[in-house]
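Trainee: This is my_file.tsv (TSV, N, CA and C atoms).
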chain	number	residue	atom	x	y	z
A	1146	MET	N	14.70	6.82	-17.11
A	1146	MET	CA	14.72	5.88	-15.99
A	1146	MET	C	13.68	6.31	-14.96
A	1147	SER	N	12.80	5.39	-14.62
A	1147	SER	CA	11.74	5.69	-13.65
A	1147	SER	C	12.26	5.65	-12.22
A	1148	ILE	N	11.65	6.44	-11.38
A	1148	ILE	CA	11.92	6.39	-9.95
A	1148	ILE	C	10.92	5.40	-9.36
A	1149	VAL	N	11.43	4.39	-8.66
A	1149	VAL	CA	10.57	3.32	-8.15
A	1149	VAL	C	10.06	3.64	-6.76
A	1150	VAL	N	8.75	3.48	-6.62
A	1150	VAL	CA	8.06	3.58	-5.34
A	1150	VAL	C	7.46	2.21	-5.08
A	1151	VAL	N	7.54	1.75	-3.83
A	1151	VAL	CA	6.97	0.46	-3.48
A	1151	VAL	C	5.75	0.67	-2.59
A	1152	ALA	N	4.80	-0.25	-2.67
A	1152	ALA	CA	3.60	-0.16	-1.85
A	1152	ALA	C	3.22	-1.55	-1.34
A	1153	ALA	N	2.72	-1.57	-0.10
A	1153	ALA	CA	2.33	-2.81	0.56
A	1153	ALA	C	0.82	-2.90	0.66
A	1154	VAL	N	0.27	-3.99	0.13
A	1154	VAL	CA	-1.13	-4.31	0.37
A	1154	VAL	C	-1.11	-5.31	1.53
A	1155	ILE	N	-1.30	-4.78	2.75
A	1155	ILE	CA	-1.25	-5.63	3.93
A	1155	ILE	C	-2.61	-6.29	4.09
A	1156	VAL	N	-2.59	-7.63	4.02
A	1156	VAL	CA	-3.82	-8.41	4.06
A	1156	VAL	C	-3.94	-9.06	5.44
A	1157	GLY	N	-5.07	-8.83	6.06
A	1157	GLY	CA	-5.35	-9.41	7.37
A	1157	GLY	C	-6.39	-10.51	7.27
A	1158	PRO	N	-6.81	-11.03	8.42
A	1158	PRO	CA	-7.82	-12.11	8.43
A	1158	PRO	C	-9.09	-11.70	7.70
A	1159	GLY	N	-9.70	-12.65	7.04
A	1159	GLY	CA	-10.97	-12.40	6.36
A	1159	GLY	C	-10.85	-11.57	5.10
A	1160	GLY	N	-9.64	-11.48	4.53
A	1160	GLY	CA	-9.46	-10.72	3.30
A	1160	GLY	C	-9.49	-9.22	3.50
A	1161	ARG	N	-9.27	-8.77	4.74
A	1161	ARG	CA	-9.24	-7.33	5.00
A	1161	ARG	C	-7.91	-6.76	4.51
A	1162	VAL	N	-7.95	-5.54	3.98
A	1162	VAL	CA	-6.73	-4.85	3.53
A	1162	VAL	C	-6.61	-3.52	4.27
A	1163	LEU	N	-5.36	-3.11	4.50
A	1163	LEU	CA	-5.11	-1.87	5.22
A	1163	LEU	C	-4.98	-0.71	4.25
A	1164	ALA	N	-5.82	0.31	4.48
A	1164	ALA	CA	-5.76	1.54	3.70
A	1164	ALA	C	-5.24	2.66	4.60
A	1165	ALA	N	-4.45	3.56	4.01
A	1165	ALA	CA	-3.84	4.65	4.77
A	1165	ALA	C	-4.22	5.98	4.11
A	1166	GLN	N	-4.63	6.95	4.93
A	1166	GLN	CA	-5.06	8.26	4.43
A	1166	GLN	C	-3.88	9.22	4.42
A	1167	ARG	N	-3.59	9.77	3.24
A	1167	ARG	CA	-2.43	10.67	3.07
A	1167	ARG	C	-2.58	11.93	3.89
A	1168	ALA	N	-1.46	12.37	4.48
A	1168	ALA	CA	-1.42	13.64	5.20
A	1168	ALA	C	-0.84	14.74	4.32
A	1169	GLU	N	0.05	14.36	3.39
A	1169	GLU	CA	0.72	15.33	2.51
A	1169	GLU	C	1.14	14.63	1.24
A	1170	PRO	N	1.50	15.34	0.18
A	1170	PRO	CA	1.40	16.79	0.01
A	1170	PRO	C	-0.06	17.23	-0.08
A	1171	ALA	N	-0.28	18.52	-0.06
A	1171	ALA	CA	-1.64	19.07	-0.04
A	1171	ALA	C	-2.50	18.54	-1.18
A	1172	THR	N	-1.89	18.30	-2.34
A	1172	THR	CA	-2.66	17.84	-3.50
A	1172	THR	C	-3.20	16.42	-3.31
A	1173	LEU	N	-2.57	15.64	-2.42
A	1173	LEU	CA	-3.00	14.25	-2.19
A	1173	LEU	C	-3.60	14.05	-0.80
A	1174	ALA	N	-3.48	15.04	0.07
A	1174	ALA	CA	-3.94	14.91	1.46
A	1174	ALA	C	-5.42	14.54	1.51
A	1175	GLY	N	-5.74	13.58	2.36
A	1175	GLY	CA	-7.12	13.13	2.52
A	1175	GLY	C	-7.46	11.93	1.65
A	1176	GLY	N	-6.69	11.72	0.59
A	1176	GLY	CA	-6.92	10.55	-0.26
A	1176	GLY	C	-6.35	9.29	0.39
A	1177	TRP	N	-6.83	8.14	-0.03
A	1177	TRP	CA	-6.42	6.86	0.57
A	1177	TRP	C	-5.49	6.12	-0.37
A	1178	GLU	N	-4.51	5.44	0.24
A	1178	GLU	CA	-3.48	4.74	-0.53
A	1178	GLU	C	-3.05	3.49	0.21
A	1179	PHE	N	-2.22	2.71	-0.47
A	1179	PHE	CA	-1.52	1.62	0.19
A	1179	PHE	C	-0.20	2.18	0.70
A	1180	PRO	N	0.21	1.86	1.94
A	1180	PRO	CA	1.44	2.42	2.48
A	1180	PRO	C	2.68	1.98	1.72
A	1181	GLY	N	3.69	2.82	1.75
A	1181	GLY	CA	4.95	2.52	1.06
A	1181	GLY	C	5.74	3.79	0.85
A	1182	GLY	N	6.70	3.71	-0.07
A	1182	GLY	CA	7.52	4.88	-0.34
A	1182	GLY	C	8.63	4.58	-1.31
A	1183	LYS	N	9.56	5.53	-1.43
A	1183	LYS	CA	10.66	5.42	-2.39
A	1183	LYS	C	11.68	4.38	-1.95
A	1184	VAL	N	12.29	3.77	-2.96
A	1184	VAL	CA	13.40	2.84	-2.74
A	1184	VAL	C	14.68	3.66	-2.64
A	1185	ASP	N	15.44	3.46	-1.58
A	1185	ASP	CA	16.71	4.17	-1.41
A	1185	ASP	C	17.78	3.57	-2.32
A	1186	PRO	N	18.79	4.38	-2.70
A	1186	PRO	CA	19.88	3.85	-3.53
A	1186	PRO	C	20.54	2.65	-2.86
A	1187	GLY	N	20.74	1.58	-3.64
A	1187	GLY	CA	21.38	0.37	-3.14
A	1187	GLY	C	20.47	-0.54	-2.34
A	1188	GLU	N	19.21	-0.16	-2.18
A	1188	GLU	CA	18.25	-0.95	-1.40
A	1188	GLU	C	17.40	-1.78	-2.35
A	1189	SER	N	17.10	-3.02	-1.98
A	1189	SER	CA	16.21	-3.82	-2.81
A	1189	SER	C	14.77	-3.32	-2.61
A	1190	GLU	N	13.92	-3.61	-3.57
A	1190	GLU	CA	12.53	-3.16	-3.48
A	1190	GLU	C	11.82	-3.77	-2.28
A	1191	THR	N	12.06	-5.05	-2.03
A	1191	THR	CA	11.38	-5.69	-0.90
A	1191	THR	C	11.92	-5.18	0.44
A	1192	ALA	N	13.23	-4.88	0.50
A	1192	ALA	CA	13.80	-4.31	1.73
A	1192	ALA	C	13.19	-2.93	1.98
A	1193	ALA	N	13.00	-2.15	0.92
A	1193	ALA	CA	12.37	-0.83	1.05
A	1193	ALA	C	10.94	-0.97	1.58
A	1194	LEU	N	10.23	-1.99	1.11
A	1194	LEU	CA	8.85	-2.22	1.55
A	1194	LEU	C	8.81	-2.53	3.04
A	1195	VAL	N	9.70	-3.39	3.49
A	1195	VAL	CA	9.77	-3.74	4.92
A	1195	VAL	C	10.13	-2.50	5.74
A	1196	ARG	N	11.11	-1.71	5.27
A	1196	ARG	CA	11.52	-0.50	5.98
A	1196	ARG	C	10.39	0.52	6.05
A	1197	GLU	N	9.72	0.75	4.93
A	1197	GLU	CA	8.63	1.74	4.90
A	1197	GLU	C	7.49	1.34	5.84
A	1198	CYS	N	7.16	0.06	5.91
A	1198	CYS	CA	6.08	-0.39	6.81
A	1198	CYS	C	6.49	-0.19	8.27
A	1199	GLN	N	7.78	-0.39	8.55
A	1199	GLN	CA	8.29	-0.16	9.91
A	1199	GLN	C	8.21	1.33	10.25
A	1200	GLU	N	8.67	2.19	9.31
A	1200	GLU	CA	8.69	3.63	9.57
A	1200	GLU	C	7.30	4.24	9.63
A	1201	GLU	N	6.43	3.86	8.67
A	1201	GLU	CA	5.12	4.51	8.56
A	1201	GLU	C	4.07	3.93	9.51
A	1202	LEU	N	4.20	2.62	9.80
A	1202	LEU	CA	3.14	1.94	10.53
A	1202	LEU	C	3.60	1.30	11.84
A	1203	GLY	N	4.92	1.15	12.01
A	1203	GLY	CA	5.44	0.51	13.22
A	1203	GLY	C	5.22	-0.99	13.24
A	1204	VAL	N	5.16	-1.61	12.06
A	1204	VAL	CA	4.94	-3.05	11.99
A	1204	VAL	C	6.02	-3.73	11.16
A	1205	GLU	N	6.16	-5.05	11.40
A	1205	GLU	CA	7.03	-5.87	10.58
A	1205	GLU	C	6.14	-6.70	9.66
A	1206	VAL	N	6.48	-6.71	8.37
A	1206	VAL	CA	5.66	-7.44	7.40
A	1206	VAL	C	6.49	-8.52	6.70
A	1207	ALA	N	5.78	-9.53	6.23
A	1207	ALA	CA	6.35	-10.54	5.34
A	1207	ALA	C	5.86	-10.20	3.94
A	1208	VAL	N	6.79	-10.10	3.00
A	1208	VAL	CA	6.45	-9.74	1.62
A	1208	VAL	C	6.09	-10.99	0.85
A	1209	GLY	N	4.94	-10.94	0.18
A	1209	GLY	CA	4.45	-12.09	-0.58
A	1209	GLY	C	4.43	-11.82	-2.07
A	1210	GLU	N	3.33	-12.17	-2.70
A	1210	GLU	CA	3.15	-12.11	-4.15
A	1210	GLU	C	3.11	-10.68	-4.67
A	1211	ARG	N	3.76	-10.45	-5.80
A	1211	ARG	CA	3.71	-9.13	-6.43
A	1211	ARG	C	2.36	-8.96	-7.11
A	1212	VAL	N	1.85	-7.74	-7.08
A	1212	VAL	CA	0.55	-7.41	-7.66
A	1212	VAL	C	0.77	-6.67	-8.97
A	1213	GLY	N	0.48	-7.32	-10.09
A	1213	GLY	CA	0.61	-6.68	-11.39
A	1213	GLY	C	2.05	-6.35	-11.73
A	1214	GLY	N	2.21	-5.47	-12.71
A	1214	GLY	CA	3.54	-5.06	-13.16
A	1214	GLY	C	3.89	-3.71	-12.58
A	1215	ASP	N	4.34	-2.81	-13.46
A	1215	ASP	CA	4.65	-1.45	-13.04
A	1215	ASP	C	3.40	-0.59	-13.16
A	1216	TRP	N	3.04	0.09	-12.08
A	1216	TRP	CA	1.89	0.98	-12.06
A	1216	TRP	C	2.41	2.40	-12.24
A	1217	PRO	N	2.11	3.05	-13.37
A	1217	PRO	CA	2.66	4.39	-13.63
A	1217	PRO	C	2.07	5.45	-12.69
A	1218	LEU	N	2.94	6.34	-12.26
A	1218	LEU	CA	2.56	7.49	-11.44
A	1218	LEU	C	2.99	8.75	-12.17
A	1219	ALA	N	2.69	9.90	-11.61
A	1219	ALA	CA	3.07	11.17	-12.23
A	1219	ALA	C	4.58	11.40	-12.14
A	1220	GLU	N	5.07	12.28	-12.99
A	1220	GLU	CA	6.44	12.80	-12.93
A	1220	GLU	C	7.53	11.73	-12.97
A	1221	GLY	N	7.34	10.70	-13.79
A	1221	GLY	CA	8.39	9.71	-13.99
A	1221	GLY	C	8.52	8.66	-12.89
A	1222	TYR	N	7.55	8.62	-11.99
A	1222	TYR	CA	7.56	7.60	-10.95
A	1222	TYR	C	6.80	6.37	-11.42
A	1223	VAL	N	7.18	5.22	-10.88
A	1223	VAL	CA	6.46	3.98	-11.15
A	1223	VAL	C	6.29	3.27	-9.80
A	1224	MET	N	5.11	2.68	-9.59
A	1224	MET	CA	4.84	1.99	-8.33
A	1224	MET	C	4.84	0.49	-8.56
A	1225	ARG	N	5.51	-0.22	-7.66
A	1225	ARG	CA	5.51	-1.68	-7.65
A	1225	ARG	C	4.90	-2.13	-6.34
A	1226	VAL	N	3.99	-3.09	-6.42
A	1226	VAL	CA	3.12	-3.42	-5.29
A	1226	VAL	C	3.22	-4.91	-4.95
A	1227	TRP	N	3.21	-5.19	-3.65
A	1227	TRP	CA	3.21	-6.58	-3.18
A	1227	TRP	C	2.14	-6.80	-2.14
A	1228	LEU	N	1.59	-8.03	-2.13
A	1228	LEU	CA	0.75	-8.46	-1.02
A	1228	LEU	C	1.69	-8.72	0.16
A	1229	CYS	N	1.29	-8.32	1.35
A	1229	CYS	CA	2.10	-8.52	2.55
A	1229	CYS	C	1.20	-9.03	3.68
A	1230	SER	N	1.83	-9.66	4.65
A	1230	SER	CA	1.11	-10.06	5.86
A	1230	SER	C	1.87	-9.53	7.07
A	1231	LEU	N	1.14	-9.30	8.15
A	1231	LEU	CA	1.76	-8.79	9.38
A	1231	LEU	C	2.51	-9.90	10.08
A	1232	LEU	N	3.76	-9.63	10.45
A	1232	LEU	CA	4.53	-10.56	11.28
A	1232	LEU	C	4.46	-10.15	12.75
A	1233	SER	N	4.57	-8.84	13.00
A	1233	SER	CA	4.48	-8.35	14.37
A	1233	SER	C	4.07	-6.89	14.37
A	1234	GLY	N	3.48	-6.48	15.49
A	1234	GLY	CA	3.06	-5.10	15.66
A	1234	GLY	C	1.62	-4.88	15.25
A	1235	ARG	N	1.11	-3.73	15.66
A	1235	ARG	CA	-0.24	-3.31	15.28
A	1235	ARG	C	-0.09	-1.99	14.54
A	1236	PRO	N	-0.64	-1.90	13.31
A	1236	PRO	CA	-0.43	-0.68	12.52
A	1236	PRO	C	-0.89	0.59	13.24
A	1237	GLU	N	-0.02	1.59	13.21
A	1237	GLU	CA	-0.30	2.92	13.77
A	1237	GLU	C	-0.07	3.95	12.67
A	1238	ALA	N	-0.90	4.99	12.65
A	1238	ALA	CA	-0.76	6.06	11.66
A	1238	ALA	C	0.32	7.03	12.10
A	1239	LYS	N	1.58	6.69	11.81
A	1239	LYS	CA	2.71	7.55	12.20
A	1239	LYS	C	2.89	8.71	11.22
A	1240	GLU	N	2.62	8.46	9.93
A	1240	GLU	CA	2.81	9.49	8.90
A	1240	GLU	C	1.53	9.77	8.12
A	1241	HIS	N	0.45	9.08	8.47
A	1241	HIS	CA	-0.83	9.24	7.78
A	1241	HIS	C	-1.85	9.89	8.72
A	1242	LEU	N	-2.94	10.41	8.15
A	1242	LEU	CA	-4.02	10.99	8.95
A	1242	LEU	C	-4.80	9.90	9.67
A	1243	ALA	N	-4.99	8.75	9.00
A	1243	ALA	CA	-5.78	7.67	9.57
A	1243	ALA	C	-5.46	6.37	8.85
A	1244	LEU	N	-5.80	5.26	9.49
A	1244	LEU	CA	-5.70	3.93	8.88
A	1244	LEU	C	-7.07	3.27	9.00
A	1245	ARG	N	-7.39	2.43	8.03
A	1245	ARG	CA	-8.64	1.68	8.09
A	1245	ARG	C	-8.44	0.29	7.52
A	1246	TRP	N	-8.98	-0.71	8.21
A	1246	TRP	CA	-9.05	-2.06	7.65
A	1246	TRP	C	-10.36	-2.16	6.87
A	1247	LEU	N	-10.26	-2.57	5.63
A	1247	LEU	CA	-11.43	-2.69	4.76
A	1247	LEU	C	-11.62	-4.15	4.39
A	1248	GLY	N	-12.78	-4.69	4.71
A	1248	GLY	CA	-13.07	-6.08	4.37
A	1248	GLY	C	-13.81	-6.17	3.04
A	1249	PRO	N	-14.01	-7.40	2.55
A	1249	PRO	CA	-14.80	-7.57	1.32
A	1249	PRO	C	-16.14	-6.84	1.46
A	1250	GLY	N	-16.51	-6.13	0.42
A	1250	GLY	CA	-17.73	-5.32	0.47
A	1250	GLY	C	-17.48	-3.91	0.99
A	1251	GLU	N	-16.29	-3.66	1.54
A	1251	GLU	CA	-15.95	-2.33	2.06
A	1251	GLU	C	-14.76	-1.73	1.31
A	1252	TYR	N	-14.21	-2.46	0.35
A	1252	TYR	CA	-12.97	-2.04	-0.31
A	1252	TYR	C	-13.06	-0.65	-0.93
A	1253	TYR	N	-14.26	-0.22	-1.28
A	1253	TYR	CA	-14.41	1.08	-1.95
A	1253	TYR	C	-15.14	2.09	-1.07
A	1254	ASP	N	-15.11	1.87	0.25
A	1254	ASP	CA	-15.73	2.79	1.20
A	1254	ASP	C	-14.86	4.01	1.48
A	1255	VAL	N	-13.64	4.02	0.94
A	1255	VAL	CA	-12.76	5.18	1.07
A	1255	VAL	C	-12.50	5.75	-0.32
A	1256	GLU	N	-12.05	7.00	-0.35
A	1256	GLU	CA	-11.75	7.64	-1.62
A	1256	GLU	C	-10.29	7.38	-1.98
A	1257	TRP	N	-10.07	6.29	-2.74
A	1257	TRP	CA	-8.71	5.90	-3.14
A	1257	TRP	C	-8.12	6.96	-4.06
A	1258	LEU	N	-6.82	7.18	-3.92
A	1258	LEU	CA	-6.11	8.04	-4.87
A	1258	LEU	C	-6.16	7.38	-6.24
A	1259	GLY	N	-6.07	8.20	-7.29
A	1259	GLY	CA	-6.18	7.68	-8.65
A	1259	GLY	C	-5.24	6.55	-8.97
A	1260	ALA	N	-4.02	6.61	-8.45
A	1260	ALA	CA	-3.03	5.56	-8.74
A	1260	ALA	C	-3.34	4.27	-7.99
A	1261	ASP	N	-4.01	4.37	-6.85
A	1261	ASP	CA	-4.25	3.19	-6.01
A	1261	ASP	C	-5.56	2.47	-6.34
A	1262	LEU	N	-6.51	3.18	-6.95
A	1262	LEU	CA	-7.81	2.56	-7.26
A	1262	LEU	C	-7.69	1.33	-8.16
A	1263	PRO	N	-6.95	1.39	-9.28
A	1263	PRO	CA	-6.84	0.17	-10.11
A	1263	PRO	C	-6.10	-0.96	-9.39
A	1264	ILE	N	-5.21	-0.61	-8.47
A	1264	ILE	CA	-4.52	-1.63	-7.68
A	1264	ILE	C	-5.53	-2.33	-6.78
A	1265	MET	N	-6.40	-1.56	-6.14
A	1265	MET	CA	-7.43	-2.16	-5.28
A	1265	MET	C	-8.30	-3.12	-6.08
A	1266	LYS	N	-8.65	-2.74	-7.30
A	1266	LYS	CA	-9.47	-3.63	-8.15
A	1266	LYS	C	-8.73	-4.93	-8.46
A	1267	THR	N	-7.44	-4.83	-8.74
A	1267	THR	CA	-6.63	-6.02	-9.02
A	1267	THR	C	-6.51	-6.88	-7.77
A	1268	VAL	N	-6.27	-6.24	-6.62
A	1268	VAL	CA	-6.16	-6.96	-5.35
A	1268	VAL	C	-7.47	-7.67	-5.02
A	1269	GLU	N	-8.58	-6.99	-5.24
A	1269	GLU	CA	-9.89	-7.61	-4.98
A	1269	GLU	C	-10.03	-8.90	-5.78
A	1270	ASN	N	-9.65	-8.88	-7.05
A	1270	ASN	CA	-9.71	-10.08	-7.89
A	1270	ASN	C	-8.79	-11.18	-7.36
A	1271	LEU	N	-7.59	-10.80	-6.90
A	1271	LEU	CA	-6.65	-11.78	-6.33
A	1271	LEU	C	-7.22	-12.42	-5.07
A	1272	LEU	N	-7.82	-11.61	-4.20
A	1272	LEU	CA	-8.33	-12.13	-2.94
A	1272	LEU	C	-9.59	-12.97	-3.14
A	1273	LEU	N	-10.39	-12.61	-4.13
A	1273	LEU	CA	-11.63	-13.36	-4.37
A	1273	LEU	C	-11.38	-14.70	-5.03
A	1274	ARG	N	-10.22	-14.88	-5.66
A	1274	ARG	CA	-9.94	-16.14	-6.34
A	1274	ARG	C	-9.62	-17.25	-5.33
A	1275	ASP	N	-9.18	-16.84	-4.12
A	1275	ASP	CA	-8.79	-17.82	-3.10
A	1275	ASP	C	-9.98	-18.45	-2.43
Could you write out this file's structure as structure tokens?
Mentor:
Amino acid sequence: MSIVVVAAVIVGPGGRVLAAQRAEPATLAGGWEFPGGKVDPGESETAALVRECQEELGVEVAVGERVGGDWPLAEGYVMRVWLCSLLSGRPEAKEHLALRWLGPGEYYDVEWLGADLPIMKTVENLLLRD
């Protein structure tokens, strides 16, 4: 049984996406990811996504379309990803080193973590189709 981690691709005006720079663990620190985290027991995946965005970024999000299927991670974890939009608040790096909005043509200006890079490629295709 996989441990589920959820991630939010927060999309802003002009097709910009929010990237977050990991602070820990040391093996991932400095790499860029989509914000999110583990689903708590008894919690739905989308509720976990809303909670994680509130805790990590101080924002309220609306959960939209799911991105792909299960994205495998190390050690029996699997990541499930959704496109999200901001309902309220301005993202703050509460648990990350930094945040960056990346627009079309800038999506690969950060060093994405290995698990998040293929997600960014899929998201780019989704955003470009619109």
Trainee: Kindly provide, as a count of residues only, the polymer residues lying within 12 Å of (-12.8, 1.4, -0.6), counting only C-alpha atoms and using the coordinates exactly as they appear in the file.
Mentor: 32
Trainee: Using only N, CA and C atoms, which protein or nucleic acid residues come within 6.5 Å of Gly1209 in chain A? Drop anything in the same chain fewer than 6 positions from it, and give the result as number ranges by chain.
Mentor: A: 1227-1230
Trainee: Got a sec to tell me which of chain A DSSP assigns to strand (DSSP E), as number ranges by chain?
Mentor: A: 1148-1157, 1161-1166, 1177-1178, 1181-1183, 1205-1217, 1222-1233, 1243-1247
Trainee: Pick the closest to Met1224 in chain A from A:Leu1273, A:Leu1202, A:Val1212, A:Ala1238: which is it, counting only C-alpha atoms?
Mentor: A:Val1212
Trainee: By how many Å are CA of Val1184 in chain A and CA of Leu1272 in chain A apart?
Mentor: 26.4 Å
Trainee: Which distance in Å separates atom N of Leu1173 in chain A and CA of Gly1221 in chain A, to one decimal?
Mentor: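 Atom N of Leu1173 in chain A sits 17.0 Å away from CA of Gly1221 in chain A.
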Trainee: If you run DSSP on this backbone, which residues of chain A come out as alpha helix (DSSP H), and could you give them as JSON, numbers by chain?
Mentor: {"A": [1190, 1191, 1192, 1193, 1194, 1195, 1196, 1197, 1198, 1199, 1200, 1201, 1202, 1262, 1263, 1264, 1265, 1266, 1267, 1268, 1269, 1270, 1271, 1272, 1273, 1274]}
